[in-house]
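Trainee: The structure is given below, and queries will be raised subsequently.
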Amino acid sequence: MEKGIVQIADDVIAVIAQIAALEVDGLKSLAHDKQDIVHTITGKTQFKGVRVFIDESGSKVNISIKAIVYYGVNIKKICMKVQEKVKNSIETMTGLKVLRVDVKIVGVVITQEQ
């Protein structure tokens, strides 16, 4: 029997990254990106605050995340936890190699909801 091709859509990887990032305490939410030219041309939606870049071989991926944190948290620690959680989740669930997870904090909110 011949093995077939396995492909994982960018959107699936983005959802995994989004869910993993939001599991980190101190992270309020992910931030919307402004609509870009790719969306205008292709109509492809981008998951809130997550961009996925897959290399030509289809086996390696880079992730970019924009997030909002609560005031008073250690931003560097939060970012490191997000990077670790996203990397581990994607690699475990997809078998893809995550080369990097870039986290950009784009906002701070004052009160943490109880």
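Letters A, B, ... go to the chains of the structure tokens in the order shown; residues in each chain start at 1; ligands are counted from 1 in the same order.
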Tell me, which residues of segment 17-109 of chain A carry DSSP helix (DSSP H, G or I), written as an NGL selection string?
Mentor: :A and (17-22 or 37-42 or 75-94)
Trainee: Counting only C-alpha atoms, what is within 6 Å of segment 45-62 of chain A, bar same-chain residues fewer than 6 positions away, as an NGL selection string?
Mentor: :A and (14 or 30-32 or 96-100)
Trainee: Which residues come within 8 Å of segment 78-93 of chain A, counting only C-alpha atoms, excluding same-chain residues fewer than 4 positions away, as a ChimeraX atom specification?
Mentor: /A:13,16-18,20-21,24-27,73-74,97-98,100-103
Trainee: Could you jot down the atom CA of Ile68 of chain A to atom CA of Val109 of chain A separation for me, Å, one decimal place?
Mentor: 7.2 Å
Trainee: Could you tell me how far atom CA of Tyr71 of chain A lies from atom CA of Val108 of chain A, in Å and to one decimal?
Mentor: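 Straight-line distance from atom CA of Tyr71 of chain A to atom CA of Val108 of chain A works out to 5.7 Å.
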Trainee: One decimal, Å: what's the distance from atom CA of Ser29 of chain A over to atom CA of Thr94 of chain A, could you say?
Mentor: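 Spanning atom CA of Ser29 of chain A to atom CA of Thr94 of chain A is a straight-line distance of 23.8 Å.
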Trainee: Hey, what does DSSP flag as strand (DSSP E) within segment 18-108 of chain A? Can you give it to me as a ChimeraX atom specification?
Mentor: /A:27-30,50-54,60-70,97-108
